[in-house]
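Colleague: Pasting in a structure now, in structure tokens, and then I'll have a few things to ask.
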Amino acid sequence: MSDIFRTINGPAEAIYTEKRSKFLAFAYHVASVEEVKEIIAGLNKKYFDARHVCWAYMLGPERLEFRANDNGEPSGTAGKPILGQINSYELTDILIAVVRYFGGVKLGTSGLITAYRQAARDAIENAEIIECHRMKHLSFTFPYMAMNDVMKISRFDGVTVTGTTFDNTCLMELDIELDRFDEIFNRLSDIDGVTMND
């Protein structure tokens, strides 16, 4: 399993038209199922007059949490092709929703699959794809006297400080790129008075 995963930096949109049916595609960076539900609810409200709001999402660096929804389109003609595009670009932490306005001409099963696939692809193409490192969390305490040594290590590449409490006994929380975790852990462990939390 790679220490690097791909996602998008922010929202992107695209419009695809087929036989007068209009497909509005939206790509979002998401971190949780709750976020997905909020966005879908918002789209359903905003595009209440649309025939369908179909979507698919993928979550987590391992790309194991995903779901696709046809929202009333024939089974497998909308959510699955959208998810297929997420997979072909190897993306995660992403939601793609496609809003369809029916143009009066039926597209048939293969026409729907093509349209939803293309709309999803266009939204991805309009997004900025970025590579992210898988991170591991580390929490530890240390005496105030060790502050300088700890702060030096906290500024290393691949280390993000996510929490601090400075007192007689200090607490620090770090997110560390997976491929640098052992090195950072060992450097911190070598400092007198550092105690790792579970």
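Going through the structure tokens in order, the chains are called A, B, and so on, while each chain numbers its residues from 1 and the ligands are numbered from 1 in the order shown.
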Which residues of range 53-108 of chain A sit at most 9 Å from range 117-129 of chain A, using only C-alpha atoms? Give each one's shortest atom pair and distance in Å (one decimal place), in chain and ascending residue order, as JSON lines.

Modeller:
```
{"residue": "A:Ala78", "atom": "CA", "partner": "A:Arg117", "partner_atom": "CA", "distance": 7.6}
{"residue": "A:Lys80", "atom": "CA", "partner": "A:Arg117", "partner_atom": "CA", "distance": 8.6}
{"residue": "A:Pro81", "atom": "CA", "partner": "A:Arg117", "partner_atom": "CA", "distance": 4.9}
{"residue": "A:Ile82", "atom": "CA", "partner": "A:Arg117", "partner_atom": "CA", "distance": 5.4}
{"residue": "A:Leu83", "atom": "CA", "partner": "A:Arg117", "partner_atom": "CA", "distance": 8.6}
{"residue": "A:Gly84", "atom": "CA", "partner": "A:Arg117", "partner_atom": "CA", "distance": 7.6}
{"residue": "A:Gln85", "atom": "CA", "partner": "A:Arg121", "partner_atom": "CA", "distance": 6.0}
{"residue": "A:Ile86", "atom": "CA", "partner": "A:Ile124", "partner_atom": "CA", "distance": 8.1}
{"residue": "A:Tyr89", "atom": "CA", "partner": "A:Ile124", "partner_atom": "CA", "distance": 8.4}
{"residue": "A:Leu91", "atom": "CA", "partner": "A:Ile129", "partner_atom": "CA", "distance": 8.3}
{"residue": "A:Ile96", "atom": "CA", "partner": "A:Ala120", "partner_atom": "CA", "distance": 6.6}
{"residue": "A:Ala97", "atom": "CA", "partner": "A:Ala120", "partner_atom": "CA", "distance": 7.8}
{"residue": "A:Val98", "atom": "CA", "partner": "A:Ala120", "partner_atom": "CA", "distance": 7.1}
```

Colleague: Could you tell me, as a ChimeraX atom specification, which residues of range 8-198 of chain A DSSP assigns to strand (DSSP E) when given the backbone?

Modeller: /A:8,12-18,21-29,52-59,65-69,94-101,129-133,135-143,159-165,169-177,195-196

Colleague: Kindly give the distance, in Å, that separates CA of Lys136 in chain A and CA of Asp167 in chain A, rounded to a single decimal.

Modeller: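 Value for the CA of Lys136 in chain A-CA of Asp167 in chain A distance: 25.0 Å.
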
Colleague: Got a sec: who's within 8 Å of Tyr101 in chain A, counting only C-alpha atoms, leaving out chain neighbours fewer than 4 positions off, as a list in words?

Modeller: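 These residues fall inside the cut-off: Ser21, Lys22, Phe23, Ala50, Arg51 and His52 of chain A.
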
Colleague: Could you name the residues that touch Met145 in chain A at 10 Å or less, counting only C-alpha atoms, but leaving out those on the same chain fewer than 3 positions away, as a PyMOL selection string?

Modeller: chain A and resi 142+148-150+168-170+192-193
